[in-house]
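Okay, upload_7.csv is below, CSV, C-alpha atoms:
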```
chain,number,residue,atom,x,y,z
A,1,MET,CA,3.1,-65.7,128.5
A,2,THR,CA,5.4,-64.1,131.1
A,3,GLN,CA,7.1,-60.8,130.8
A,4,GLU,CA,10.4,-62.6,130.0
A,5,PHE,CA,8.7,-64.5,127.2
A,6,ASP,CA,7.2,-61.2,125.9
A,7,ARG,CA,10.6,-59.5,125.7
A,8,GLY,CA,12.2,-62.4,123.9
A,9,PHE,CA,9.3,-62.9,121.5
A,10,SER,CA,9.3,-59.1,120.8
A,11,LYS,CA,12.9,-59.3,119.8
A,12,LEU,CA,12.2,-62.2,117.5
A,13,ILE,CA,9.3,-60.4,115.8
A,14,LEU,CA,11.1,-57.0,115.5
A,15,ASN,CA,14.5,-58.4,114.5
A,16,ALA,CA,13.7,-61.4,112.3
A,17,VAL,CA,10.0,-61.8,111.4
A,18,LEU,CA,9.1,-58.2,110.6
A,19,PRO,CA,12.2,-57.8,108.3
A,20,CYS,CA,11.1,-61.0,106.5
A,21,MET,CA,7.6,-59.5,106.0
A,22,ILE,CA,9.1,-56.2,104.6
A,23,LEU,CA,11.5,-58.0,102.2
A,24,GLY,CA,9.0,-60.6,101.2
A,25,SER,CA,6.5,-57.9,100.2
A,26,VAL,CA,8.9,-56.9,97.5
A,27,LEU,CA,10.6,-60.2,96.5
A,28,ASP,CA,7.2,-62.0,96.2
A,29,ALA,CA,5.3,-59.1,94.6
A,30,GLU,CA,4.0,-59.4,91.0
A,31,THR,CA,4.2,-55.6,90.4
A,32,LEU,CA,6.1,-52.8,92.1
A,33,PRO,CA,5.4,-49.0,92.5
A,34,THR,CA,7.0,-46.6,90.1
A,35,MET,CA,9.7,-44.1,91.1
A,36,GLU,CA,7.1,-41.3,90.9
A,37,GLN,CA,4.8,-43.1,93.3
A,38,MET,CA,7.7,-43.8,95.8
A,39,ILE,CA,8.7,-40.1,95.7
A,40,THR,CA,5.1,-39.0,96.2
A,41,MET,CA,4.7,-41.4,99.2
A,42,PHE,CA,7.9,-40.2,100.9
A,43,ALA,CA,7.1,-36.5,100.3
A,44,PHE,CA,3.5,-36.7,101.6
A,45,GLY,CA,4.5,-39.1,104.4
A,46,THR,CA,7.0,-36.5,105.6
A,47,LEU,CA,4.4,-33.8,105.2
A,48,SER,CA,2.0,-35.7,107.4
A,49,TYR,CA,4.5,-35.4,110.3
A,50,VAL,CA,4.5,-31.6,109.7
A,51,VAL,CA,0.7,-31.7,110.1
A,52,MET,CA,0.9,-33.9,113.3
A,53,LEU,CA,3.6,-31.7,114.7
A,54,ALA,CA,1.5,-28.5,114.2
A,55,VAL,CA,-1.6,-30.2,115.7
A,56,GLY,CA,0.4,-31.5,118.7
A,57,MET,CA,1.9,-28.1,119.4
A,58,ALA,CA,-1.4,-26.3,119.1
A,59,MET,CA,-3.2,-28.9,121.3
A,60,THR,CA,-0.7,-28.6,124.2
A,61,PHE,CA,-1.3,-24.9,124.3
A,62,ALA,CA,-5.1,-25.3,123.9
A,63,MET,CA,-5.2,-27.8,126.8
A,64,ARG,CA,-3.1,-25.4,128.9
A,65,ILE,CA,-0.5,-28.1,129.7
A,66,SER,CA,2.2,-26.4,131.7
A,67,HIS,CA,5.8,-26.3,130.7
A,68,GLY,CA,7.7,-29.4,131.9
A,69,HIS,CA,4.7,-31.6,131.0
A,70,ARG,CA,4.2,-30.8,127.3
A,71,GLY,CA,6.9,-32.9,125.9
A,72,VAL,CA,5.3,-36.3,126.5
A,73,PHE,CA,1.9,-35.1,125.1
A,74,ARG,CA,3.6,-33.8,122.0
A,75,TYR,CA,5.5,-37.0,121.6
A,76,MET,CA,2.3,-39.1,121.9
A,77,MET,CA,0.4,-36.9,119.3
A,78,LEU,CA,3.3,-37.0,116.8
A,79,PHE,CA,4.7,-40.6,116.9
A,80,GLY,CA,2.6,-43.7,116.3
A,81,ASN,CA,3.4,-47.4,116.4
A,82,VAL,CA,4.3,-47.5,112.7
A,83,GLY,CA,6.4,-50.7,112.6
A,84,PHE,CA,5.1,-53.1,115.3
A,85,ILE,CA,1.4,-52.5,114.7
A,86,GLY,CA,1.3,-50.3,111.6
A,87,PHE,CA,3.0,-52.7,109.1
A,88,PRO,CA,0.8,-55.7,110.0
A,89,VAL,CA,-2.3,-53.5,109.9
A,90,ILE,CA,-1.4,-52.1,106.5
A,91,THR,CA,-0.8,-55.6,105.2
A,92,ALA,CA,-4.2,-56.7,106.5
A,93,ILE,CA,-6.1,-53.8,105.0
A,94,PHE,CA,-4.3,-53.1,101.7
A,95,GLY,CA,-2.3,-56.3,101.0
A,96,PRO,CA,1.5,-57.0,101.0
A,97,GLU,CA,2.1,-54.7,98.0
A,98,ALA,CA,1.4,-51.7,100.3
A,99,LEU,CA,4.3,-52.5,102.6
A,100,ILE,CA,6.8,-50.7,100.4
A,101,TYR,CA,4.9,-47.5,100.9
A,102,ALA,CA,4.8,-48.2,104.7
A,103,SER,CA,8.6,-48.7,104.5
A,104,LEU,CA,9.0,-45.3,103.0
A,105,TYR,CA,6.9,-43.8,105.8
A,106,GLN,CA,9.2,-45.4,108.3
A,107,PHE,CA,12.2,-43.2,107.3
A,108,PRO,CA,11.0,-39.8,108.6
A,109,PHE,CA,9.7,-41.6,111.7
A,110,ASN,CA,13.1,-43.1,112.6
A,111,PHE,CA,14.8,-39.8,112.1
A,112,LEU,CA,12.3,-37.6,114.0
A,113,ALA,CA,11.5,-40.0,116.9
A,114,TYR,CA,15.1,-40.1,118.1
A,115,THR,CA,15.9,-36.4,117.5
A,116,LEU,CA,12.8,-34.2,117.8
A,117,GLY,CA,11.1,-36.8,120.0
A,118,ALA,CA,14.0,-37.2,122.3
A,119,TYR,CA,14.2,-33.4,122.6
A,120,PHE,CA,10.5,-33.2,123.6
A,121,LEU,CA,11.0,-35.7,126.4
A,122,THR,CA,14.1,-34.0,127.8
A,123,GLN,CA,12.0,-30.8,128.2
A,124,ASP,CA,9.9,-32.7,130.9
A,125,ASN,CA,12.8,-33.1,133.3
A,126,GLU,CA,15.0,-30.8,135.3
A,127,LYS,CA,18.2,-32.7,134.8
A,128,GLY,CA,19.2,-31.2,131.5
A,129,VAL,CA,19.8,-34.5,129.8
A,130,LYS,CA,21.7,-34.1,126.6
A,131,VAL,CA,20.0,-35.7,123.6
A,132,LYS,CA,22.2,-38.3,122.1
A,133,VAL,CA,21.3,-40.2,118.9
A,134,SER,CA,23.3,-43.3,118.3
A,135,PRO,CA,24.0,-44.5,114.7
A,136,LYS,CA,22.8,-47.9,115.9
A,137,VAL,CA,19.3,-46.5,116.0
A,138,PHE,CA,19.3,-46.3,112.2
A,139,LEU,CA,20.8,-49.8,111.8
A,140,SER,CA,18.2,-52.0,113.4
A,141,PRO,CA,17.1,-55.0,111.3
A,142,ALA,CA,13.7,-53.4,110.6
A,143,VAL,CA,15.3,-50.1,109.3
A,144,VAL,CA,17.9,-51.9,107.3
A,145,SER,CA,15.2,-54.1,105.7
A,146,CYS,CA,13.2,-51.0,104.8
A,147,VAL,CA,16.3,-49.6,103.0
A,148,VAL,CA,16.9,-52.9,101.2
A,149,ALA,CA,13.3,-53.1,100.2
A,150,VAL,CA,13.5,-49.6,98.6
A,151,VAL,CA,16.7,-50.5,96.8
A,152,LEU,CA,15.2,-53.7,95.4
A,153,THR,CA,12.1,-51.7,94.3
A,154,VAL,CA,14.2,-49.1,92.5
A,155,ALA,CA,16.3,-51.9,90.9
A,156,GLY,CA,13.0,-53.6,89.8
A,157,ILE,CA,13.8,-56.9,91.5
A,158,HIS,CA,10.7,-58.8,92.5
A,159,GLY,CA,8.9,-62.1,91.9
A,160,VAL,CA,11.9,-64.1,93.1
A,161,PRO,CA,11.0,-67.8,93.3
A,162,VAL,CA,11.5,-69.7,96.6
A,163,LEU,CA,13.1,-66.8,98.4
A,164,GLY,CA,10.2,-64.4,98.0
A,165,PRO,CA,7.4,-66.9,99.1
A,166,GLY,CA,9.7,-68.1,101.9
A,167,LEU,CA,10.2,-64.7,103.3
A,168,GLU,CA,6.4,-63.9,102.9
A,169,THR,CA,5.6,-67.1,104.8
A,170,LEU,CA,7.9,-66.2,107.7
A,171,GLY,CA,6.7,-62.6,107.7
A,172,GLY,CA,3.1,-63.9,108.0
A,173,MET,CA,3.8,-64.5,111.7
A,174,THR,CA,4.2,-60.7,112.3
A,175,THR,CA,0.4,-60.0,112.7
A,176,PRO,CA,-0.5,-62.8,115.1
A,177,GLY,CA,2.8,-62.4,117.0
A,178,ALA,CA,2.2,-58.7,117.5
A,179,LEU,CA,-1.3,-59.2,118.7
A,180,LEU,CA,-0.2,-61.9,121.2
A,181,ILE,CA,2.5,-59.6,122.6
A,182,ILE,CA,0.2,-56.6,122.8
A,183,GLY,CA,-2.5,-58.6,124.5
A,184,SER,CA,-0.1,-60.1,127.0
A,185,SER,CA,1.4,-56.7,127.9
A,186,LEU,CA,-2.0,-55.1,128.3
A,187,ALA,CA,-3.1,-58.0,130.6
A,188,ASN,CA,-0.2,-57.4,132.9
A,189,LEU,CA,-0.8,-53.6,133.4
A,190,PRO,CA,-2.7,-52.3,136.4
A,191,LEU,CA,-5.8,-50.8,134.9
A,192,ARG,CA,-6.5,-48.2,137.6
A,193,GLU,CA,-3.1,-46.5,137.0
A,194,LEU,CA,-3.6,-46.4,133.2
A,195,VAL,CA,-7.0,-44.8,132.8
A,196,GLY,CA,-5.6,-41.2,132.8
A,197,GLY,CA,-7.4,-37.9,132.8
A,198,PRO,CA,-9.3,-35.7,130.4
A,199,ARG,CA,-6.1,-34.3,128.8
A,200,LEU,CA,-4.8,-37.7,128.1
A,201,TRP,CA,-8.1,-38.8,126.6
A,202,MET,CA,-8.1,-35.7,124.4
A,203,SER,CA,-4.6,-36.5,123.3
A,204,ALA,CA,-5.6,-40.0,122.4
A,205,ALA,CA,-8.5,-38.7,120.3
A,206,VAL,CA,-6.1,-36.4,118.4
A,207,ARG,CA,-3.7,-39.3,117.9
A,208,LEU,CA,-6.3,-41.8,116.7
A,209,VAL,CA,-9.1,-39.8,115.0
A,210,ILE,CA,-8.6,-36.0,114.6
A,211,THR,CA,-5.2,-36.0,112.9
A,212,PRO,CA,-6.0,-38.8,110.4
A,213,LEU,CA,-9.3,-37.1,109.5
A,214,LEU,CA,-7.4,-33.8,109.0
A,215,VAL,CA,-4.9,-35.5,106.8
A,216,ILE,CA,-7.7,-36.9,104.7
A,217,LEU,CA,-9.2,-33.4,104.4
A,218,LEU,CA,-5.9,-31.8,103.4
A,219,PHE,CA,-4.3,-34.5,101.2
A,220,SER,CA,-7.4,-35.4,99.3
A,221,ARG,CA,-7.1,-32.1,97.4
A,222,PHE,CA,-3.8,-33.2,95.8
A,223,GLY,CA,-5.3,-36.1,93.8
A,224,LEU,CA,-3.1,-38.7,95.4
A,225,ASP,CA,-3.2,-42.4,94.5
A,226,PRO,CA,-5.9,-43.9,96.8
A,227,LEU,CA,-3.4,-46.5,98.0
A,228,ILE,CA,-0.8,-43.9,99.0
A,229,LEU,CA,-3.4,-41.7,100.7
A,230,GLY,CA,-4.9,-44.8,102.5
A,231,VAL,CA,-1.5,-45.9,103.8
A,232,ILE,CA,-0.7,-42.5,105.1
A,233,VAL,CA,-4.0,-42.0,106.8
A,234,ILE,CA,-4.0,-45.4,108.5
A,235,LEU,CA,-0.4,-44.9,109.7
A,236,CYS,CA,-1.3,-41.5,111.1
A,237,GLY,CA,-4.0,-43.2,113.1
A,238,MET,CA,-1.7,-45.7,114.8
A,239,PRO,CA,-1.6,-45.9,118.7
A,240,VAL,CA,1.3,-44.3,120.6
A,241,ALA,CA,4.7,-45.7,119.7
A,242,THR,CA,5.8,-48.3,122.2
A,243,ASN,CA,9.4,-47.1,122.2
A,244,GLY,CA,8.1,-43.9,123.9
A,245,THR,CA,8.1,-45.4,127.4
A,246,MET,CA,11.7,-46.7,126.9
A,247,MET,CA,12.8,-43.2,125.8
A,248,CYS,CA,11.2,-41.6,128.8
A,249,TYR,CA,13.4,-43.8,131.1
A,250,GLU,CA,16.4,-42.9,129.0
A,251,TYR,CA,15.9,-39.1,128.9
A,252,GLY,CA,14.0,-38.6,132.2
A,253,GLY,CA,10.6,-38.0,130.7
A,254,ASP,CA,7.2,-38.7,132.1
A,255,ALA,CA,7.1,-42.5,131.8
A,256,LYS,CA,3.8,-42.9,133.6
A,257,THR,CA,1.8,-40.6,131.3
A,258,MET,CA,3.5,-42.2,128.3
A,259,SER,CA,2.4,-45.7,129.5
A,260,GLN,CA,-1.1,-44.4,130.0
A,261,GLY,CA,-1.3,-43.0,126.5
A,262,THR,CA,0.2,-46.2,125.0
A,263,PHE,CA,-2.4,-48.3,126.8
A,264,ILE,CA,-5.4,-46.2,126.0
A,265,THR,CA,-4.5,-45.7,122.3
A,266,THR,CA,-3.6,-49.3,121.8
A,267,LEU,CA,-6.9,-50.4,123.3
A,268,PHE,CA,-9.1,-48.0,121.3
A,269,CYS,CA,-7.3,-48.4,118.0
A,270,LEU,CA,-9.3,-51.6,117.7
A,271,VAL,CA,-12.3,-49.4,117.0
A,272,THR,CA,-10.7,-46.3,115.4
A,273,ILE,CA,-8.7,-48.2,112.7
A,274,PRO,CA,-11.8,-49.9,111.2
A,275,LEU,CA,-13.6,-46.5,111.5
A,276,LEU,CA,-10.8,-44.8,109.5
A,277,THR,CA,-11.0,-47.6,106.9
A,278,THR,CA,-14.7,-47.0,106.6
A,279,VAL,CA,-14.3,-43.3,106.2
A,280,LEU,CA,-11.7,-43.9,103.4
A,281,THR,CA,-14.0,-46.2,101.6
A,282,ALA,CA,-17.0,-43.8,102.0
A,283,CYS,CA,-14.9,-41.0,100.5
A,284,GLY,CA,-14.0,-43.2,97.5
A,285,PHE,CA,-10.4,-44.0,98.4
```
Will you turn the file into structure tokens for me?
Amino acid sequence: MTQEFDRGFSKLILNAVLPCMILGSVLDAETLPTMEQMITMFAFGTLSYVVMLAVGMAMTFAMRISHGHRGVFRYMMLFGNVGFIGFPVITAIFGPEALIYASLYQFPFNFLAYTLGAYFLTQDNEKGVKVKVSPKVFLSPAVVSCVVAVVLTVAGIHGVPVLGPGLETLGGMTTPGALLIIGSSLANLPLRELVGGPRLWMSAAVRLVITPLLVILLFSRFGLDPLILGVIVILCGMPVATNGTMMCYEYGGDAKTMSQGTFITTLFCLVTIPLLTTVLTACGF
């Protein structure tokens, strides 16, 4: 697997296979969540970003990260890899029926990552790059399929013969495809340059463990549906979003630190995600 192959395969997964998985989760489903459950998921999913933002802001001050270097750390602690890793993981842990909840969680991510996230990254450069958010960002196949999935759910359309199982079968390639690409990309990275320092490791711990546990502590008091709480917690514990490095190049941010954080969190999520699942199970969720 060369870098050229990885880029092409990534486009295939993100633009074709992942949308099939999202749509198939609705069209092949036997039952769908109620409107109340969907509103609850969207509300508490958005609230989880408020929690992560507060933690990220507090940690950058606590770690005494100087101005001009805070943006990349705040981005890493706020934005996880919801689509590329999160959706397959949610499917593996909770089943295809949970993907509609993950789709709802994707909405605040797409809005905040390319607005507030871009703003954070511009603060790490001295060029005064103006933050521009193209409408195309919100029209990617994955985002469009999330919208369509929500519309289908609201309309009560599910259990569609032939089409539903067909999309579900195609979407089944998302998980092994994502793992292949992640493994290939990690194998091509120089390990010595990606180890990072204490601040980076602390940020990774916040991203993978501390924030999800805080979300469990706070949200468990509201009597949420165990599936909704579980999806939110697991998505809060995803590794750093892979689009962060590309945005650093676009807005002049600290691409090296972003790459380090992406590598470390992607590697250790193999341990922390099962840990979070165990904690949820032990807490009765």
Which residue gives the smallest distance to Thr242 in chain A among A:Ser10, A:Leu53, A:Leu23, A:Glu168, with all atoms listed in the file counted?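 Using all atoms listed in the file, Thr242 in chain A sits closest to A:Ser10.
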Counting only C-alpha atoms, what is within 7 Å of range 199-206 of chain A, bar same-chain residues fewer than 5 positions away, as a tab-separated table (two decimals) with C-alpha atoms, keeping the file's coordinate frame?
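Done, and the output landed in result-v6.tsv:
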```tsv
chain	number	residue	atom	x	y	z
A	63	MET	CA	-5.20	-27.80	126.80
A	73	PHE	CA	1.90	-35.10	125.10
A	77	MET	CA	0.40	-36.90	119.30
A	211	THR	CA	-5.20	-36.00	112.90
A	261	GLY	CA	-1.30	-43.00	126.50
A	265	THR	CA	-4.50	-45.70	122.30
```
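The closest residue to Gly284 in chain A, picked from A:Leu18, A:Leu214, A:Cys236, A:Leu229 and counting only C-alpha atoms, is A:Leu229.
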Fewer than 3 positions away in the same chain doesn't count, so skip those; otherwise give me all residues within 12 Å of Leu267 in chain A, counting all atoms listed in the file, as a list in words.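 Those residues are Leu179, Ile182, Gly183, Ser185, Leu186, Ala187, Leu191, Leu194, Val195, Ala204, Leu208, Met238, Pro239, Val240, Gln260, Gly261, Thr262, Phe263, Ile264, Leu270, Val271, Thr272 and Ile273 of chain A.
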Written selection (C-alpha atoms) as a PDB file, in the frame of the given file:
```pdb
ATOM      1  CA  LEU A 179      -1.300 -59.200 118.700  1.00  0.00           C
ATOM      2  CA  ILE A 182       0.200 -56.600 122.800  1.00  0.00           C
ATOM      3  CA  GLY A 183      -2.500 -58.600 124.500  1.00  0.00           C
ATOM      4  CA  SER A 185       1.400 -56.700 127.900  1.00  0.00           C
ATOM      5  CA  LEU A 186      -2.000 -55.100 128.300  1.00  0.00           C
ATOM      6  CA  ALA A 187      -3.100 -58.000 130.600  1.00  0.00           C
ATOM      7  CA  LEU A 191      -5.800 -50.800 134.900  1.00  0.00           C
ATOM      8  CA  LEU A 194      -3.600 -46.400 133.200  1.00  0.00           C
ATOM      9  CA  VAL A 195      -7.000 -44.800 132.800  1.00  0.00           C
ATOM     10  CA  ALA A 204      -5.600 -40.000 122.400  1.00  0.00           C
ATOM     11  CA  LEU A 208      -6.300 -41.800 116.700  1.00  0.00           C
ATOM     12  CA  MET A 238      -1.700 -45.700 114.800  1.00  0.00           C
ATOM     13  CA  PRO A 239      -1.600 -45.900 118.700  1.00  0.00           C
ATOM     14  CA  VAL A 240       1.300 -44.300 120.600  1.00  0.00           C
ATOM     15  CA  GLN A 260      -1.100 -44.400 130.000  1.00  0.00           C
ATOM     16  CA  GLY A 261      -1.300 -43.000 126.500  1.00  0.00           C
ATOM     17  CA  THR A 262       0.200 -46.200 125.000  1.00  0.00           C
ATOM     18  CA  PHE A 263      -2.400 -48.300 126.800  1.00  0.00           C
ATOM     19  CA  ILE A 264      -5.400 -46.200 126.000  1.00  0.00           C
ATOM     20  CA  LEU A 270      -9.300 -51.600 117.700  1.00  0.00           C
ATOM     21  CA  VAL A 271     -12.300 -49.400 117.000  1.00  0.00           C
ATOM     22  CA  THR A 272     -10.700 -46.300 115.400  1.00  0.00           C
ATOM     23  CA  ILE A 273      -8.700 -48.200 112.700  1.00  0.00           C
TER      24      ILE A 273
END
```
Atom-to-atom span, CA of Ser259 in chain A and CA of Arg192 in chain A, Å: 12.3 Å
Counting only C-alpha atoms, write as a list in words all protein and nucleic acid residues lying at most 8 Å from (4.6, -51.5, 97.5) in the file's frame.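 Output: Ser25, Val26, Leu32, Pro33, Pro96, Glu97, Ala98, Leu99, Ile100, Tyr101 and Ala102 of chain A.
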Pick from A:Val51, A:Ile232, A:Met247, A:Ile93, whichever lies nearest to Thr122 in chain A using all atoms listed in the file: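 With all atoms listed in the file as the atom set, the closest residue is A:Met247.
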What does the structure give for the distance between CA of Phe5 in chain A and CA of Gly244 in chain A, in Å to one decimal? 20.9 Å
Just how far from CA of Thr91 in chain A is CA of Pro165 in chain A, in Å to one decimal?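 A separation of 15.2 Å between them.
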